[in-house]
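Content type compact mmCIF, C-alpha atoms, from the file target10.txt:
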```
# COMPACT_ATOMS: atom_id res chain seq x y z
CA MET O 1 12.18 4.31 32.18
CA ALA O 2 9.66 6.16 34.33
CA SER O 3 12.04 8.96 35.09
CA ALA O 4 13.15 9.25 31.47
CA SER O 5 9.61 9.60 30.20
CA ALA O 6 8.83 12.14 32.91
CA GLU O 7 11.74 14.21 31.69
CA THR O 8 10.60 14.22 28.09
CA ALA O 9 7.13 15.12 29.30
CA SER O 10 8.38 18.21 31.05
CA SER O 11 10.60 19.29 28.18
CA SER O 12 7.74 18.90 25.75
CA SER O 13 5.44 21.02 27.89
CA GLU O 14 8.07 23.74 27.90
CA ILE O 15 8.11 23.93 24.14
CA ALA O 16 4.42 23.29 23.76
CA THR O 17 3.45 26.88 24.52
CA ALA O 18 1.70 27.41 21.19
CA ALA O 19 0.24 23.92 21.11
CA ALA O 20 -3.47 23.62 20.50
CA SER O 21 -3.60 20.12 21.97
CA PRO O 22 -5.77 19.95 25.09
CA THR O 23 -3.73 17.50 27.21
CA THR O 24 0.00 17.49 27.81
CA GLU O 25 0.40 13.89 28.82
CA ARG O 26 -1.46 10.72 29.70
CA ARG O 27 0.00 8.16 32.08
CA GLY O 28 3.53 9.27 31.34
CA ILE O 29 3.06 9.41 27.58
CA PRO O 30 3.94 12.93 26.46
CA ALA O 31 1.43 14.56 24.13
CA ALA O 32 2.64 15.52 20.68
CA GLN O 33 2.58 19.19 19.89
CA PHE O 34 0.36 20.19 17.02
CA VAL O 35 2.24 22.57 14.78
CA GLU O 36 0.22 25.53 13.55
CA ASP O 37 3.02 26.97 11.50
CA VAL O 38 6.23 25.18 10.61
CA GLN O 39 8.38 28.32 10.57
CA THR O 40 7.25 29.36 14.07
CA PHE O 41 7.67 25.81 15.28
CA LEU O 42 11.29 25.68 14.11
CA SER O 43 12.22 29.04 15.57
CA GLN O 44 10.55 28.09 18.85
CA LEU O 45 12.60 24.92 19.09
CA ASP O 46 15.61 26.84 17.83
CA LEU O 47 16.39 23.95 15.50
CA ASP O 48 17.17 23.64 11.83
CA VAL O 49 15.07 21.35 9.66
CA ASN O 50 17.30 18.30 10.00
CA SER O 51 17.58 18.47 13.78
CA ALA O 52 13.84 19.04 14.06
CA LEU O 53 13.19 15.98 11.89
CA ALA O 54 15.64 13.95 13.96
CA PHE O 55 13.90 15.10 17.13
CA LEU O 56 10.51 14.10 15.74
CA GLN O 57 11.77 10.73 14.52
CA GLU O 58 13.23 10.03 17.92
CA ARG O 59 9.89 10.87 19.49
CA LEU O 60 8.19 8.49 17.04
CA GLN O 61 10.56 5.73 18.08
CA GLN O 62 9.72 6.35 21.72
CA TYR O 63 6.02 6.19 20.91
CA LYS O 64 6.54 2.91 19.04
CA LEU O 65 8.27 1.45 22.07
CA VAL O 66 5.43 2.42 24.37
CA GLU O 67 2.94 1.10 21.83
CA MET O 68 4.64 -2.29 21.78
CA LYS O 69 4.54 -2.40 25.57
CA LEU O 70 0.85 -1.51 25.69
CA LEU O 71 -0.04 -3.96 22.93
CA ALA O 72 1.66 -6.75 24.87
CA GLN O 73 -0.37 -5.80 27.95
CA GLN O 74 -3.51 -5.78 25.83
CA ARG O 75 -2.78 -9.27 24.48
CA ASP O 76 -2.21 -10.55 28.03
CA LEU O 77 -5.51 -9.15 29.22
CA GLN O 78 -7.38 -10.41 26.19
CA ALA O 79 -6.07 -13.91 26.96
CA LYS O 80 -6.80 -13.58 30.67
CA ILE O 81 -10.48 -12.70 30.28
CA PRO O 82 -11.54 -15.98 28.56
CA ASP O 83 -9.42 -17.87 31.10
CA ILE O 84 -11.36 -16.37 33.99
CA GLU O 85 -14.61 -17.07 32.17
CA LYS O 86 -13.58 -20.71 31.83
CA CYS O 87 -12.90 -20.86 35.57
CA LEU O 88 -16.31 -19.42 36.34
CA ASP O 89 -17.85 -21.97 34.01
CA ILE O 90 -16.35 -24.98 35.77
CA VAL O 91 -17.20 -23.64 39.25
CA ALA O 92 -20.79 -23.14 38.09
CA THR O 93 -20.82 -26.69 36.72
CA LEU O 94 -19.58 -28.11 40.02
CA GLN O 95 -22.25 -26.21 41.90
CA ALA O 96 -25.00 -27.30 39.53
CA LYS O 97 -23.93 -30.93 39.88
CA LYS O 98 -23.93 -30.66 43.65
CA GLU O 99 -27.38 -29.15 43.73
CA GLY O 100 -28.61 -31.94 41.48
CA GLY O 101 -27.03 -34.44 43.87
CA GLU O 102 -24.85 -35.87 41.13
CA ALA O 103 -21.14 -36.43 40.94
CA LEU O 104 -19.16 -34.82 38.17
CA THR O 105 -17.22 -37.34 36.15
CA ALA O 106 -14.42 -35.82 34.19
CA ASP O 107 -11.37 -36.85 32.23
CA PHE O 108 -8.44 -34.72 33.22
CA GLU O 109 -4.92 -34.47 31.96
CA VAL O 110 -2.34 -35.91 34.37
CA SER O 111 0.55 -35.32 32.05
CA GLU O 112 0.73 -34.06 28.54
CA GLY O 113 -1.48 -36.34 26.44
CA ILE O 114 -2.27 -38.68 29.35
CA PHE O 115 -5.73 -38.53 30.82
CA SER O 116 -7.26 -40.08 33.89
CA ARG O 117 -10.84 -40.21 35.12
CA ALA O 118 -12.10 -38.49 38.24
CA ARG O 119 -15.38 -38.44 40.09
CA ILE O 120 -15.91 -35.23 41.98
CA GLU O 121 -18.59 -35.88 44.57
CA ASP O 122 -20.46 -33.48 46.78
CA THR O 123 -17.90 -30.75 46.74
CA ASP O 124 -18.35 -27.47 48.55
CA SER O 125 -15.05 -25.92 47.76
CA VAL O 126 -12.44 -25.35 45.12
CA CYS O 127 -8.85 -24.25 45.41
CA LEU O 128 -7.84 -21.14 43.56
CA TRP O 129 -4.29 -20.59 42.46
CA LEU O 130 -3.56 -17.04 43.55
CA GLY O 131 -0.09 -16.83 42.10
CA ALA O 132 3.24 -16.46 43.90
CA ASN O 133 3.06 -20.17 44.83
CA VAL O 134 -0.07 -19.70 46.89
CA MET O 135 -3.23 -21.73 46.55
CA LEU O 136 -6.24 -21.11 48.73
CA GLU O 137 -9.40 -23.09 49.33
CA TYR O 138 -12.66 -21.25 48.76
CA SER O 139 -16.27 -22.24 48.96
CA CYS O 140 -17.82 -22.35 45.52
CA ASP O 141 -19.81 -19.19 46.23
CA GLU O 142 -16.77 -17.29 47.42
CA ALA O 143 -14.76 -18.51 44.48
CA THR O 144 -17.44 -17.28 42.09
CA VAL O 145 -17.46 -13.85 43.76
CA LEU O 146 -13.68 -13.61 43.63
CA LEU O 147 -13.47 -14.76 40.01
CA GLN O 148 -16.26 -12.39 39.04
CA LYS O 149 -14.35 -9.55 40.65
CA ASN O 150 -11.19 -10.54 38.81
CA LEU O 151 -13.13 -10.64 35.58
CA GLU O 152 -14.52 -7.15 36.13
CA ASN O 153 -11.09 -5.82 37.03
CA ALA O 154 -9.56 -7.35 33.92
CA LYS O 155 -12.29 -5.86 31.74
CA ALA O 156 -11.87 -2.44 33.35
CA SER O 157 -8.09 -2.56 32.87
CA LEU O 158 -8.59 -3.51 29.25
CA GLU O 159 -10.82 -0.50 28.70
CA VAL O 160 -8.27 1.87 30.23
CA LEU O 161 -5.56 0.25 28.15
CA ILE O 162 -7.55 0.71 24.95
CA ALA O 163 -8.05 4.39 25.81
CA ASP O 164 -4.29 4.70 26.41
CA LEU O 165 -3.59 3.12 23.04
CA GLN O 166 -5.98 5.49 21.31
CA PHE O 167 -4.32 8.46 22.94
CA LEU O 168 -0.95 7.11 21.86
CA ARG O 169 -2.18 6.57 18.31
CA ASP O 170 -3.27 10.21 18.14
CA GLN O 171 0.18 11.34 19.24
CA VAL O 172 1.82 9.09 16.64
CA THR O 173 -0.43 10.45 13.90
CA ILE O 174 0.20 14.05 14.94
CA THR O 175 3.94 13.45 14.92
CA GLN O 176 3.83 11.72 11.54
CA VAL O 177 1.85 14.58 10.04
CA THR O 178 4.32 17.03 11.56
CA VAL O 179 7.25 15.13 10.03
CA ALA O 180 5.60 15.26 6.60
CA ARG O 181 4.84 18.95 6.98
CA VAL O 182 8.32 19.94 8.14
CA TYR O 183 9.81 17.95 5.29
CA ASN O 184 7.52 19.52 2.70
CA TRP O 185 8.06 22.96 4.13
CA ASP O 186 11.81 22.45 3.67
CA VAL O 187 11.38 21.28 0.07
CA HIS O 188 9.22 24.31 -0.58
CA GLN O 189 11.79 26.66 0.96
CA ARG O 190 14.57 25.16 -1.16
CA ARG O 191 12.52 25.69 -4.31
CA ILE O 192 11.92 29.32 -3.39
CA ARG O 193 15.64 29.81 -2.75
CA GLN O 194 16.56 28.10 -6.03
CA ALA O 195 14.08 30.16 -7.96
CA ALA O 196 15.46 33.31 -6.33
CA ALA O 197 19.04 32.28 -7.13
CA ALA O 198 18.13 31.52 -10.74
CA ALA O 199 16.43 34.89 -11.06
CA ALA O 200 19.48 36.62 -9.60
CA ASN O 201 21.77 34.80 -12.06
CA GLU O 202 19.65 35.80 -15.01
CA SER O 203 19.58 39.49 -14.19
CA MET E 1 0.34 3.43 8.21
CA GLN E 2 -0.84 4.62 4.92
CA HIS E 3 -1.63 8.27 4.93
CA GLU E 4 -0.67 11.92 5.02
CA GLN E 5 2.68 11.50 3.36
CA ALA E 6 2.73 14.54 1.17
CA GLU E 7 0.70 17.57 2.08
CA LYS E 8 1.88 20.50 0.07
CA SER E 9 3.22 23.26 2.22
CA ASP E 10 0.91 25.76 0.57
CA THR E 11 -2.14 24.07 2.10
CA VAL E 12 -2.50 25.11 5.71
CA VAL E 13 -3.13 22.21 8.07
CA THR E 14 -5.38 23.28 10.92
CA TRP E 15 -5.95 21.62 14.29
CA GLU E 16 -9.34 20.58 12.98
CA ASP E 17 -7.74 18.82 9.99
CA GLN E 18 -5.30 17.15 12.33
CA GLN E 19 -8.14 15.90 14.51
CA ASN E 20 -9.89 14.51 11.46
CA ILE E 21 -6.73 12.72 10.41
CA ASN E 22 -6.37 11.35 13.94
CA LYS E 23 -9.94 10.13 13.88
CA PHE E 24 -9.40 8.49 10.52
CA SER E 25 -6.26 6.77 11.73
CA LYS E 26 -8.04 5.37 14.76
CA LEU E 27 -11.03 4.24 12.72
CA ASN E 28 -8.76 2.53 10.22
CA ASN E 29 -7.07 0.74 13.07
CA ARG E 30 -10.40 -0.31 14.58
CA PHE E 31 -11.49 -1.51 11.15
CA HIS E 32 -8.60 -3.98 11.04
CA GLU E 33 -9.27 -5.13 14.59
CA LEU E 34 -12.90 -5.70 13.65
CA GLU E 35 -11.94 -7.74 10.61
CA ASP E 36 -9.86 -10.02 12.83
CA GLU E 37 -12.59 -10.28 15.42
CA ILE E 38 -15.19 -11.08 12.77
CA LYS E 39 -12.96 -13.75 11.29
CA PHE E 40 -12.51 -15.28 14.72
CA ALA E 41 -16.25 -15.20 15.45
CA LYS E 42 -16.98 -16.88 12.12
CA GLU E 43 -14.45 -19.63 12.86
CA THR E 44 -16.01 -20.17 16.28
CA ASN E 45 -19.39 -20.43 14.63
CA ASP E 46 -18.13 -23.04 12.15
CA ASN E 47 -16.56 -25.04 14.97
CA LEU E 48 -19.77 -25.01 16.97
CA GLU E 49 -21.69 -26.00 13.86
CA ASP E 50 -19.31 -28.95 13.32
CA ALA E 51 -19.61 -29.99 16.95
CA GLY E 52 -23.40 -29.88 16.68
CA ASN E 53 -23.35 -32.06 13.56
CA GLU E 54 -21.02 -34.57 15.17
CA LEU E 55 -23.40 -34.83 18.10
CA ILE E 56 -26.26 -35.77 15.79
CA LEU E 57 -24.17 -38.55 14.28
CA THR E 58 -22.88 -40.05 17.52
CA ASP E 59 -24.51 -43.04 19.26
CA GLU E 60 -23.09 -42.21 22.65
CA ASP E 61 -25.42 -41.02 25.37
CA ILE E 62 -22.63 -39.45 27.35
CA VAL E 63 -20.11 -37.26 25.60
CA ARG E 64 -16.98 -35.58 26.87
CA PHE E 65 -17.45 -31.86 26.92
CA GLN E 66 -14.63 -29.53 27.71
CA ILE E 67 -15.35 -27.21 30.61
CA GLY E 68 -12.41 -25.29 31.96
CA GLU E 69 -9.43 -27.60 31.51
CA VAL E 70 -11.16 -30.94 31.90
CA PHE E 71 -13.43 -33.08 29.75
CA ALA E 72 -16.59 -33.51 31.75
CA HIS E 73 -18.89 -36.43 31.07
CA VAL E 74 -22.15 -34.80 30.10
CA PRO E 75 -25.37 -36.31 28.70
CA ARG E 76 -25.71 -35.67 24.98
CA GLU E 77 -28.95 -33.69 25.26
CA GLU E 78 -27.35 -31.28 27.70
CA VAL E 79 -24.38 -30.76 25.42
CA GLU E 80 -26.75 -30.07 22.56
CA ILE E 81 -28.43 -27.36 24.61
CA ARG E 82 -25.12 -25.84 25.67
CA ILE E 83 -23.82 -25.77 22.11
CA GLU E 84 -27.02 -24.12 20.94
CA GLU E 85 -26.61 -21.48 23.64
CA MET E 86 -23.00 -20.88 22.69
CA LYS E 87 -23.99 -20.56 19.04
CA GLU E 88 -26.62 -18.00 19.91
CA VAL E 89 -24.23 -15.89 22.00
CA ASN E 90 -21.63 -16.10 19.27
CA SER E 91 -23.94 -15.09 16.46
CA LYS E 92 -25.10 -12.10 18.50
CA THR E 93 -21.49 -11.05 18.93
CA LEU E 94 -20.91 -11.51 15.23
CA GLU E 95 -23.92 -9.38 14.39
CA LYS E 96 -22.71 -6.62 16.71
CA LEU E 97 -19.25 -6.68 15.13
CA GLU E 98 -20.66 -6.54 11.59
CA LYS E 99 -22.76 -3.53 12.55
CA GLU E 100 -19.80 -1.75 14.08
CA LYS E 101 -17.78 -2.45 10.94
CA GLU E 102 -20.47 -0.78 8.87
CA THR E 103 -20.52 2.34 11.05
CA VAL E 104 -16.73 2.51 11.04
CA LEU E 105 -16.66 2.28 7.25
CA ALA E 106 -19.35 4.95 6.93
CA GLN E 107 -17.42 7.29 9.23
CA MET E 108 -14.22 6.65 7.32
CA ASN E 109 -15.93 7.52 4.05
CA GLU E 110 -17.25 10.75 5.55
CA LEU E 111 -13.77 11.72 6.70
CA LYS E 112 -12.32 10.80 3.32
CA LYS E 113 -14.73 13.21 1.65
CA ILE E 114 -13.73 16.01 3.99
CA LEU E 115 -9.98 15.39 3.84
CA TYR E 116 -9.76 14.73 0.11
CA GLY E 117 -11.97 17.79 -0.37
CA LYS E 118 -9.36 19.92 1.32
CA PHE E 119 -6.04 18.31 0.47
CA ARG E 120 -6.82 16.73 -2.91
CA ASP E 121 -4.00 14.41 -3.95
CA SER E 122 -1.65 15.82 -1.30
CA ILE E 123 -3.04 13.26 1.11
CA ASN E 124 -3.36 9.54 0.68
CA LEU E 125 -5.90 7.70 2.79
CA GLU E 126 -5.88 4.44 0.85
CA GLU E 127 -4.41 1.14 1.88
CA ASP E 128 -1.51 0.03 -0.31
```
As structure tokens:
Amino acid sequence: MASASAETASSSSEIATAAASPTTERRGIPAAQFVEDVQTFLSQLDLDVNSALAFLQERLQQYKLVEMKLLAQQRDLQAKIPDIEKCLDIVATLQAKKEGGEALTADFEVSEGIFSRARIEDTDSVCLWLGANVMLEYSCDEATVLLQKNLENAKASLEVLIADLQFLRDQVTITQVTVARVYNWDVHQRRIRQAAAAAANES
Amino acid sequence: MQHEQAEKSDTVVTWEDQQNINKFSKLNNRFHELEDEIKFAKETNDNLEDAGNELILTDEDIVRFQIGEVFAHVPREEVEIRIEEMKEVNSKTLEKLEKEKETVLAQMNELKKILYGKFRDSINLEED
């Protein structure tokens, strides 16, 4: 996948000599070429209208694929952020209870729909599930720092992802406009040819 | 996607036009995101409102309040305070979203003026 997109990126930069677009790619997503003039664009690519349209449609499909991938990543992150916030909330609650010298009584789920009661007394530490079957015990302070860092990272990744999606959306729009323009240019050319043929027949 | 289907080939599309179309497309997308986010914030607000009302009705001094994945036993007064805080945070978010929606709509209308001004009925910027 990575190598394939790198290839298309290089081939697009070859043909993008007359492109007015400022960037040629972003994180492996090739930039779409803005077409100043359809005729020049076609002769540059050395393609007829149908092949050019097919090329553009294929590019659109590739963009759609990347978009789906990025949107899935965005959904994951958007779910992860409230999860981390919930973790921070419970750690803060444990700490507050400890400082107040109280135990935290809580009903917790032992199996789906079955709850049991727990008293959490005088606790200094929590265990964080780090993934990959690893759980590690942290002091509440350390856990808060770590979770806070995770939260910041997740938020930063989300921002980058949103910027990627916006870039992608621009490329999709440019390509869609180009498709419409190439198509209309072709219709226009046909009309001119028909009109010319009709005029020739009449004379 | 709902736009730019039929520019006539006799109208020249410049890079500036393209950038305006791009901007419009992104704003339109953001507009839909905002609508979803606003809907969600309103639902959250209703839920918090319901929870607050239930608290007034209950006789219990200790209620079970979900923190993280567990239901912690928390005195009613404290839950009332926490729900009030959550409501406040949520209504601030809602306000921010509503404001952004207004700016997005205003920008979209500006772009519509510019783009319709140039392309007339060769461009369609309306939702179906």
Starting from chain O, keep only residues with some atom at most 9 Å from an atom of chain E, counting only C-alpha atoms, and report them as a JSON list (two decimals) with C-alpha atoms, in the coordinates of the input.
```
[["chain", "number", "residue", "atom", "x", "y", "z"],
["O", 20, "ALA", "CA", -3.47, 23.62, 20.50],
["O", 21, "SER", "CA", -3.60, 20.12, 21.97],
["O", 34, "PHE", "CA", 0.36, 20.19, 17.02],
["O", 35, "VAL", "CA", 2.24, 22.57, 14.78],
["O", 36, "GLU", "CA", 0.22, 25.53, 13.55],
["O", 37, "ASP", "CA", 3.02, 26.97, 11.50],
["O", 83, "ASP", "CA", -9.42, -17.87, 31.10],
["O", 85, "GLU", "CA", -14.61, -17.07, 32.17],
["O", 86, "LYS", "CA", -13.58, -20.71, 31.83],
["O", 87, "CYS", "CA", -12.90, -20.86, 35.57],
["O", 88, "LEU", "CA", -16.31, -19.42, 36.34],
["O", 89, "ASP", "CA", -17.85, -21.97, 34.01],
["O", 90, "ILE", "CA", -16.35, -24.98, 35.77],
["O", 91, "VAL", "CA", -17.20, -23.64, 39.25],
["O", 93, "THR", "CA", -20.82, -26.69, 36.72],
["O", 104, "LEU", "CA", -19.16, -34.82, 38.17],
["O", 105, "THR", "CA", -17.22, -37.34, 36.15],
["O", 106, "ALA", "CA", -14.42, -35.82, 34.19],
["O", 107, "ASP", "CA", -11.37, -36.85, 32.23],
["O", 108, "PHE", "CA", -8.44, -34.72, 33.22],
["O", 109, "GLU", "CA", -4.92, -34.47, 31.96],
["O", 166, "GLN", "CA", -5.98, 5.49, 21.31],
["O", 169, "ARG", "CA", -2.18, 6.57, 18.31],
["O", 170, "ASP", "CA", -3.27, 10.21, 18.14],
["O", 171, "GLN", "CA", 0.18, 11.34, 19.24],
["O", 172, "VAL", "CA", 1.82, 9.09, 16.64],
["O", 173, "THR", "CA", -0.43, 10.45, 13.90],
["O", 174, "ILE", "CA", 0.20, 14.05, 14.94],
["O", 176, "GLN", "CA", 3.83, 11.72, 11.54],
["O", 177, "VAL", "CA", 1.85, 14.58, 10.04],
["O", 179, "VAL", "CA", 7.25, 15.13, 10.03],
["O", 180, "ALA", "CA", 5.60, 15.26, 6.60],
["O", 181, "ARG", "CA", 4.84, 18.95, 6.98],
["O", 182, "VAL", "CA", 8.32, 19.94, 8.14],
["O", 183, "TYR", "CA", 9.81, 17.95, 5.29],
["O", 184, "ASN", "CA", 7.52, 19.52, 2.70],
["O", 185, "TRP", "CA", 8.06, 22.96, 4.13],
["O", 186, "ASP", "CA", 11.81, 22.45, 3.67],
["O", 187, "VAL", "CA", 11.38, 21.28, 0.07],
["O", 188, "HIS", "CA", 9.22, 24.31, -0.58]]
```
Quick one: distance from atom CA of O:Leu71 to atom CA of O:Asn150 in Å, one decimal?
->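 Atom-to-atom, atom CA of O:Leu71 to atom CA of O:Asn150, that is 20.5 Å.
Here atom CA of O:Ala79 and atom CA of O:Gly113 stand 22.9 Å from one another.
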Nearest-residue call for E:Arg76, choices E:Ala106, E:Leu48, E:Ala41, E:Ile56, using all atoms listed in the file |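 That would be E:Ile56, the residue with the smallest distance to E:Arg76.
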Close residues, O:Gln74 itself excluded, 8 Å, all atoms listed in the file, min 4 positions apart in chain, as a list in words |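 The residues that qualify are Leu70, Gln78, Leu158, Leu161 and Ile162 of chain O.
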Give the answer as one residue: which of E:Asp59, E:Glu88, E:Glu54, E:Glu98 has the shortest atom-to-atom distance to E:Glu33, using all atoms listed in the file?
->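 Among the listed residues, E:Glu98 lies closest to E:Glu33.
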Choose the residue, out of O:Leu136, O:Ala72, O:Thr24, O:Val49, that has the smallest atom-to-atom separation from O:Arg190; count all atoms listed in the file.
->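 Going through O:Leu136, O:Ala72, O:Thr24, O:Val49 one by one, the smallest distance to O:Arg190 is for O:Val49.
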Using all atoms listed in the file: which of E:Leu27, E:Thr58, E:Ser91, E:Glu77 has the shortest distance to E:Glu110 =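 Of E:Leu27, E:Thr58, E:Ser91, E:Glu77, the one nearest E:Glu110, counting all atoms listed in the file, is E:Leu27.
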Expressed in Å to a single decimal, how great is the separation between atom CA of O:Gln62 and atom CA of O:Ile29?
-> 9.4 Å
